[in-house]
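One file, upload23.cif, is given below (mmCIF, C-alpha atoms and all ligand atoms).
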data_entry
#
loop_
_atom_site.label_atom_id
_atom_site.label_comp_id
_atom_site.auth_asym_id
_atom_site.auth_seq_id
_atom_site.Cartn_x
_atom_site.Cartn_y
_atom_site.Cartn_z
CA MET F 1 0.88 -6.50 -24.06
CA GLU F 2 3.88 -8.72 -23.40
CA ILE F 3 4.52 -10.94 -20.37
CA VAL F 4 8.13 -11.46 -19.37
CA HIS F 5 9.49 -13.58 -16.54
CA THR F 6 13.22 -12.93 -16.62
CA LEU F 7 15.40 -9.87 -16.18
CA ARG F 8 17.09 -10.64 -19.50
CA ASP F 9 13.78 -10.59 -21.41
CA LEU F 10 12.67 -7.49 -19.53
CA ARG F 11 15.83 -5.59 -20.55
CA LEU F 12 15.44 -6.74 -24.18
CA ARG F 13 11.80 -5.66 -24.24
CA LEU F 14 12.46 -2.25 -22.68
CA ALA F 15 15.53 -1.39 -24.77
CA GLY F 16 14.77 1.78 -26.69
CA GLU F 17 11.57 2.56 -24.79
CA GLY F 18 11.13 6.24 -24.00
CA LEU F 19 9.42 7.05 -20.73
CA VAL F 20 8.90 3.93 -18.62
CA GLY F 21 6.35 3.89 -15.78
CA LEU F 22 6.30 1.12 -13.17
CA VAL F 23 3.36 -0.11 -11.10
CA PRO F 24 4.67 -2.68 -8.60
CA THR F 25 2.02 -5.17 -7.42
CA MET F 26 1.71 -8.56 -5.78
CA GLY F 27 -1.01 -9.59 -8.23
CA SER F 28 -4.59 -10.53 -7.37
CA LEU F 29 -5.41 -7.36 -9.22
CA HIS F 30 -8.60 -5.36 -8.70
CA GLU F 31 -9.94 -1.99 -9.89
CA GLY F 32 -7.58 -0.22 -7.45
CA HIS F 33 -4.52 -1.62 -9.23
CA LEU F 34 -5.99 -0.93 -12.66
CA ALA F 35 -6.52 2.71 -11.66
CA LEU F 36 -2.77 2.86 -10.81
CA VAL F 37 -1.95 1.47 -14.26
CA ARG F 38 -4.20 4.08 -15.90
CA GLU F 39 -2.53 6.77 -13.80
CA ALA F 40 0.91 5.51 -14.91
CA SER F 41 -0.11 5.72 -18.56
CA ASN F 42 -0.79 9.45 -18.05
CA HIS F 43 2.90 9.89 -17.20
CA ALA F 44 4.71 7.28 -19.31
CA SER F 45 4.73 5.92 -22.85
CA CYS F 46 5.41 2.36 -21.67
CA VAL F 47 3.76 1.02 -18.51
CA VAL F 48 5.30 -1.99 -16.79
CA THR F 49 3.31 -3.77 -14.10
CA SER F 50 5.32 -6.11 -11.92
CA ILE F 51 3.62 -9.04 -10.27
CA PHE F 52 5.61 -10.67 -7.51
CA VAL F 53 4.49 -11.94 -4.11
CA ASN F 54 7.47 -10.84 -2.08
CA ARG F 55 8.34 -13.32 0.66
CA LEU F 56 10.64 -10.75 2.34
CA GLN F 57 7.74 -8.56 3.47
CA PHE F 58 5.69 -11.36 5.10
CA GLY F 59 6.20 -12.38 8.71
CA PRO F 60 6.57 -16.10 9.55
CA THR F 61 2.91 -16.41 10.64
CA GLU F 62 1.45 -14.26 7.84
CA ASP F 63 -0.46 -15.28 4.72
CA PHE F 64 2.44 -15.67 2.22
CA ASP F 65 1.39 -19.21 1.25
CA ARG F 66 -2.31 -18.51 0.94
CA TYR F 67 -1.90 -15.06 -0.69
CA PRO F 68 -4.16 -15.27 -3.81
CA ARG F 69 -2.21 -15.84 -7.06
CA ASP F 70 -3.84 -15.94 -10.52
CA LEU F 71 -1.48 -14.70 -13.23
CA GLU F 72 -3.87 -15.53 -16.07
CA ALA F 73 -6.75 -13.46 -14.64
CA ASP F 74 -4.32 -10.64 -13.73
CA THR F 75 -2.85 -10.39 -17.23
CA LYS F 76 -6.34 -10.27 -18.80
CA ARG F 77 -7.25 -7.33 -16.56
CA LEU F 78 -3.97 -5.53 -17.26
CA ALA F 79 -4.35 -5.82 -21.03
CA SER F 80 -7.57 -3.79 -20.89
CA ALA F 81 -6.08 -1.14 -18.57
CA GLY F 82 -3.31 0.09 -20.89
CA CYS F 83 -0.35 -1.89 -19.55
CA GLN F 84 2.35 -2.68 -22.14
CA VAL F 85 4.58 -5.08 -20.21
CA VAL F 86 3.91 -7.48 -17.33
CA PHE F 87 7.03 -8.42 -15.41
CA ALA F 88 6.26 -11.57 -13.43
CA PRO F 89 9.57 -12.96 -12.15
CA THR F 90 9.81 -16.26 -10.36
CA GLU F 91 11.18 -16.39 -6.82
CA SER F 92 14.55 -17.62 -8.13
CA GLU F 93 14.70 -14.83 -10.72
CA MET F 94 14.10 -12.20 -8.05
CA TYR F 95 16.22 -13.85 -5.37
CA PRO F 96 18.76 -16.09 -7.18
CA SER F 97 20.60 -16.32 -3.87
CA PRO F 98 19.30 -15.46 -0.41
CA GLN F 99 18.93 -11.67 -0.16
CA ARG F 100 21.66 -10.42 2.16
CA TYR F 101 21.62 -6.70 1.39
CA PHE F 102 18.59 -4.78 2.64
CA VAL F 103 17.19 -1.27 2.68
CA GLU F 104 16.93 -0.14 6.30
CA PRO F 105 14.04 2.37 6.48
CA PRO F 106 13.87 5.03 9.22
CA ALA F 107 12.13 4.63 12.60
CA LEU F 108 8.66 4.94 11.04
CA GLN F 109 9.18 1.34 9.85
CA ASN F 110 8.55 0.18 13.43
CA GLU F 111 5.36 2.17 14.02
CA LEU F 112 1.73 1.54 12.99
CA GLU F 113 1.88 -1.33 10.45
CA GLY F 114 5.49 -1.95 11.40
CA ALA F 115 4.59 -2.42 15.07
CA VAL F 116 2.26 -5.28 14.11
CA ARG F 117 4.38 -6.55 11.21
CA PRO F 118 8.07 -6.35 12.23
CA GLY F 119 10.42 -6.26 9.22
CA HIS F 120 7.57 -5.66 6.77
CA PHE F 121 8.80 -2.31 5.43
CA ARG F 122 12.40 -3.47 5.24
CA GLY F 123 11.12 -6.22 2.90
CA VAL F 124 8.94 -3.79 0.92
CA CYS F 125 11.68 -1.17 0.46
CA THR F 126 14.25 -3.81 -0.48
CA VAL F 127 12.10 -5.42 -3.19
CA VAL F 128 10.95 -2.06 -4.54
CA LEU F 129 14.54 -0.80 -4.82
CA LYS F 130 15.44 -4.03 -6.59
CA LEU F 131 12.47 -3.65 -8.96
CA PHE F 132 13.55 -0.07 -9.66
CA HIS F 133 17.00 -1.32 -10.68
CA MET F 134 15.52 -4.08 -12.82
CA VAL F 135 12.92 -1.98 -14.65
CA GLN F 136 14.72 1.39 -14.49
CA PRO F 137 11.52 3.44 -14.70
CA GLN F 138 11.36 7.22 -14.81
CA VAL F 139 7.98 7.18 -13.03
CA ALA F 140 6.50 4.87 -10.39
CA VAL F 141 2.94 4.79 -9.12
CA PHE F 142 1.89 3.55 -5.66
CA GLY F 143 -1.55 3.62 -4.05
CA LYS F 144 -2.26 5.82 -1.04
CA LYS F 145 -4.36 2.94 0.32
CA ASP F 146 -1.06 1.78 1.86
CA TYR F 147 -0.27 5.23 3.18
CA GLN F 148 2.68 4.28 5.35
CA GLN F 149 4.23 2.31 2.49
CA TRP F 150 3.72 5.29 0.15
CA THR F 151 5.32 7.63 2.74
CA LEU F 152 8.36 5.41 3.32
CA LEU F 153 8.95 4.69 -0.38
CA LYS F 154 8.66 8.36 -1.30
CA GLU F 155 11.28 9.16 1.34
CA MET F 156 13.50 6.30 0.11
CA VAL F 157 13.50 7.76 -3.40
CA GLU F 158 14.37 11.24 -2.07
CA SER F 159 16.94 9.99 0.41
CA LEU F 160 18.79 7.80 -2.11
CA ALA F 161 18.44 10.40 -4.90
CA LEU F 162 16.80 7.88 -7.22
CA PRO F 163 15.92 9.48 -10.57
CA ILE F 164 12.29 8.41 -10.33
CA ARG F 165 9.17 10.54 -10.13
CA MET F 166 6.83 9.11 -7.50
CA VAL F 167 3.14 9.48 -8.30
CA PRO F 168 0.43 8.67 -5.73
CA GLY F 169 -2.80 6.88 -6.68
CA GLU F 170 -6.05 7.57 -4.85
CA THR F 171 -7.79 4.73 -3.03
CA ILE F 172 -10.56 3.08 -5.03
CA ARG F 173 -13.62 2.03 -3.02
CA ALA F 174 -16.59 -0.28 -3.43
CA GLU F 175 -19.98 1.46 -3.52
CA ASP F 176 -20.42 0.98 0.22
CA GLY F 177 -17.07 2.68 0.93
CA LEU F 178 -14.85 -0.35 1.56
CA ALA F 179 -11.35 0.29 0.20
CA LEU F 180 -10.52 -2.29 -2.47
CA SER F 181 -7.85 -4.74 -1.35
CA SER F 182 -6.73 -8.18 -2.47
CA ARG F 183 -7.30 -9.38 1.10
CA ASN F 184 -11.04 -8.52 0.91
CA ALA F 185 -11.33 -11.91 -0.83
CA TYR F 186 -10.79 -13.55 2.59
CA LEU F 187 -13.95 -11.97 4.10
CA SER F 188 -17.03 -14.12 4.74
CA THR F 189 -20.42 -12.72 3.61
CA GLU F 190 -21.15 -11.40 7.13
CA GLU F 191 -17.67 -9.88 7.47
CA ARG F 192 -17.95 -8.24 4.04
CA ALA F 193 -21.22 -6.58 5.18
CA GLU F 194 -19.52 -5.31 8.34
CA ALA F 195 -16.26 -4.21 6.64
CA PRO F 196 -17.32 -0.64 5.57
CA HIS F 197 -17.64 0.30 9.26
CA LEU F 198 -13.89 0.91 9.46
CA GLN F 199 -14.17 3.61 6.78
CA MET F 200 -17.29 5.00 8.53
CA ALA F 201 -15.31 5.43 11.76
CA LEU F 202 -12.54 7.27 9.87
CA LYS F 203 -15.12 9.52 8.22
CA ARG F 204 -16.73 10.45 11.56
CA LEU F 205 -13.29 11.31 12.92
CA ALA F 206 -12.52 13.41 9.84
CA VAL F 207 -15.76 15.36 10.25
CA ALA F 208 -15.02 16.01 13.95
CA ILE F 209 -11.45 17.12 13.17
CA HIS F 210 -12.52 19.33 10.28
CA ALA F 211 -15.22 21.05 12.31
CA GLY F 212 -12.93 21.42 15.32
CA SER F 213 -15.51 19.58 17.44
CA ALA F 214 -12.98 16.95 18.54
CA THR F 215 -11.84 19.05 21.53
CA ASP F 216 -10.12 16.01 23.00
CA LEU F 217 -8.93 14.14 19.92
CA ASN F 218 -7.61 11.16 21.86
CA GLN F 219 -10.97 10.70 23.55
CA THR F 220 -12.81 10.88 20.20
CA ILE F 221 -10.43 8.28 18.75
CA GLU F 222 -10.94 6.09 21.83
CA GLN F 223 -14.74 6.28 21.39
CA GLU F 224 -14.54 5.26 17.72
CA SER F 225 -12.19 2.45 18.62
CA MET F 226 -14.63 1.21 21.29
CA THR F 227 -17.52 1.36 18.81
CA LEU F 228 -15.60 -0.87 16.38
CA GLN F 229 -14.65 -3.28 19.17
CA GLN F 230 -18.29 -3.54 20.26
CA ARG F 231 -19.16 -4.45 16.66
CA GLY F 232 -16.70 -7.36 16.81
CA TRP F 233 -13.52 -5.80 15.42
CA HIS F 234 -10.07 -6.21 16.92
CA VAL F 235 -8.50 -2.77 16.49
CA ASP F 236 -4.73 -2.74 15.96
CA TYR F 237 -4.59 1.05 15.75
CA LEU F 238 -6.71 4.06 15.01
CA THR F 239 -4.69 7.23 14.98
CA VAL F 240 -4.24 10.70 13.52
CA ARG F 241 -0.86 11.74 12.10
CA SER F 242 0.58 14.61 10.10
CA GLN F 243 0.51 13.96 6.35
CA TYR F 244 4.23 14.85 6.36
CA ALA F 245 6.34 11.78 7.07
CA LEU F 246 3.49 10.53 9.29
CA ALA F 247 4.92 12.44 12.25
CA GLU F 248 2.86 12.62 15.47
CA ALA F 249 0.12 15.20 14.87
CA LYS F 250 0.75 18.50 16.64
CA ALA F 251 -1.91 21.10 17.49
CA LYS F 252 -0.54 23.40 14.76
CA ASP F 253 -0.73 20.73 12.03
CA ARG F 254 -3.52 21.27 9.56
CA GLU F 255 -2.88 18.54 6.97
CA LEU F 256 -3.62 15.30 8.71
CA VAL F 257 -4.32 11.70 7.90
CA ILE F 258 -6.40 9.28 9.93
CA LEU F 259 -5.05 5.75 9.78
CA GLY F 260 -6.77 2.60 10.92
CA ALA F 261 -6.02 -1.11 10.90
CA ALA F 262 -8.36 -3.66 12.40
CA ARG F 263 -9.19 -7.31 12.14
CA LEU F 264 -12.52 -8.91 11.33
CA GLY F 265 -12.14 -12.58 12.14
CA SER F 266 -8.80 -13.55 10.62
CA THR F 267 -8.81 -10.79 7.98
CA ARG F 268 -6.86 -7.64 8.63
CA LEU F 269 -8.19 -4.50 6.96
CA LEU F 270 -6.34 -1.25 6.48
CA ASP F 271 -7.72 2.15 5.59
CA ASN F 272 -6.94 5.84 5.85
CA LEU F 273 -8.44 9.22 5.14
CA GLU F 274 -6.64 12.51 4.57
CA CYS F 275 -8.32 15.34 6.45
CA TYR F 276 -7.79 19.03 7.06
CA ARG F 277 -8.13 20.87 10.35
CA LEU F 278 -9.59 24.34 10.05
CA VAL F 279 -9.13 25.35 13.67
CA GLY F 280 -6.71 24.15 16.34
CA PRO F 281 -7.93 22.01 19.27
CA SER F 282 -8.56 23.87 22.54
O1 LIG H 1 1.81 -2.80 -2.19
C1 LIG H 1 2.20 -3.91 -2.60
O2 LIG H 1 1.50 -4.64 -3.30
C2 LIG H 1 3.61 -4.39 -2.23
O3 LIG H 1 3.95 -4.00 -0.95
C3 LIG H 1 4.67 -3.94 -3.24
C4 LIG H 1 4.83 -2.44 -3.29
C5 LIG H 1 4.32 -4.46 -4.63
C6 LIG H 1 6.04 -4.54 -2.86
O4 LIG H 1 6.02 -5.92 -2.84
#
Turn this file's structure into structure tokens for me.
Amino acid sequence: MEIVHTLRDLRLRLAGEGLVGLVPTMGSLHEGHLALVREASNHASCVVTSIFVNRLQFGPTEDFDRYPRDLEADTKRLASAGCQVVFAPTESEMYPSPQRYFVEPPALQNELEGAVRPGHFRGVCTVVLKLFHMVQPQVAVFGKKDYQQWTLLKEMVESLALPIRMVPGETIRAEDGLALSSRNAYLSTEERAEAPHLQMALKRLAVAIHAGSATDLNQTIEQESMTLQQRGWHVDYLTVRSQYALAEAKAKDRELVILGAARLGSTRLLDNLECYRLVGPS
């Protein structure tokens, strides 16, 4: 496995490579990322993992400065997961001058995560498009853990006719159900013990939707939200959307996704669960 820091070295290393797969990351890698790398190696002969903490997608009061960074530990993990090239550009390599051209995603960028993190998806889409131009992959893998990000990036690729096959990666969970995330490292021991309750709430909602027992879906969501709040969570949103472009869920929609974001202390956790409605609500 080779580690390159500049675009020049990246181009030299990838010259003559056949099918290139890209897994964009911000580092602080865990099993969830490694599963994406393994997935990429099913579709590509050369897997590139990029590691870059992208300032553009952080708000002014967010955790850009304290976001965990450990390139040495990350590269060790990647070597054992089947990654061939690590692209870890510096800030000045990625943004040699202030970025003045941006990708402007559709209205979904201002909903859900975007409502709490204005400008976040503009920053994500811009850096991902830039990474696509730098690496020029034929395949790119993104985790469904960040469902809204996955949805917006997939649409970006379609909308801009980028010659890249987008492959989704399933969410990897700890034994108690907590979705793996780099930000789990911020949780105290007590918060870590409480954290799986977000996933439990999503699961109860999925069961109710699947069985058709959630006659008033909004009320069921409200109850789950209250339960989390009583347990000490601050709920940013708990909602059910169509799996297609995350449109508002209609009674006729069968393929749904439940999305939740909530804070435990100062740590914000994000989770989702795809679910299928067998019968329409009354
Ligand atoms: O999901 C992430 O880690 C980031 O949003 C991404 C896609 C690497 C862009 O910075």
Using all atoms listed in the file, find each residue of chain F with at least one atom at most 6 Å away from an atom of ligand LIG 1 (chain H); report its shortest atom-to-atom pair and that distance in Å (one decimal), sort the rows by chain and rising residue number, and return the result as a Markdown table.
| residue | atom | partner | partner_atom | distance |
| --- | --- | --- | --- | --- |
| F:Pro24 | CA | H:LIG1 | C5 | 4.4 |
| F:Thr25 | CA | H:LIG1 | C5 | 3.7 |
| F:Met26 | CA | H:LIG1 | O2 | 4.6 |
| F:Asn54 | CA | H:LIG1 | O4 | 5.2 |
| F:Val124 | CA | H:LIG1 | C6 | 4.8 |
| F:Val128 | CA | H:LIG1 | C6 | 5.8 |
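With distances taken over all atoms listed in the file, F:His197 is the one residue among F:Lys145, F:His210, F:Lys250, F:His197 lying closest to Arg231 of chain F.
Nearest residue to Gly21 of chain F, choosing from F:Val127, F:Arg55, F:Leu78, F:Ile164 and counting all atoms listed in the file: F:Ile164.
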For segment 160-203 of chain F versus segment 64-67 of chain F, which residues have an atom no more than 10 Å away, and what is each residue's nearest atom pair and distance in Å rounded to one decimal, using only C-alpha atoms, chain-then-number order, as CSV?
residue,atom,partner,partner_atom,distance
F:Ser182,CA,F:Tyr67,CA,8.6
F:Arg183,CA,F:Tyr67,CA,8.0
F:Ala185,CA,F:Tyr67,CA,9.9
F:Tyr186,CA,F:Tyr67,CA,9.6
With only C-alpha atoms as the counted atoms, please give the residues lying no more than 9 Å from Ala262 of chain F, apart from itself and same-chain residues fewer than 4 positions off, as number ranges by chain. F: 198, 228, 233-238, 267-271
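Within 10 Å of the file-frame point (12.4, -14.1, -6.2), and using all atoms listed in the file, the polymer residues found are Phe52, Val53, Asn54, Arg55, Leu56, Ala88, Pro89, Thr90, Glu91, Ser92, Glu93, Met94, Tyr95, Pro96, Ser97, Pro98, Gln99 and Val127 of chain F.
Candidate residues F:Met156, F:Leu278, F:Ile209, F:Leu264 were compared for distance to Gln230 of chain F, and the nearest is F:Leu264, using all atoms listed in the file.
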Using all atoms listed in the file, which protein or nucleic acid residues come within 10 Å of Arg204 of chain F? Drop anything in the same chain fewer than 4 positions from it, and give the result as JSON, numbers by chain. {"F": [199, 200, 208, 209, 210, 220, 221, 224]}
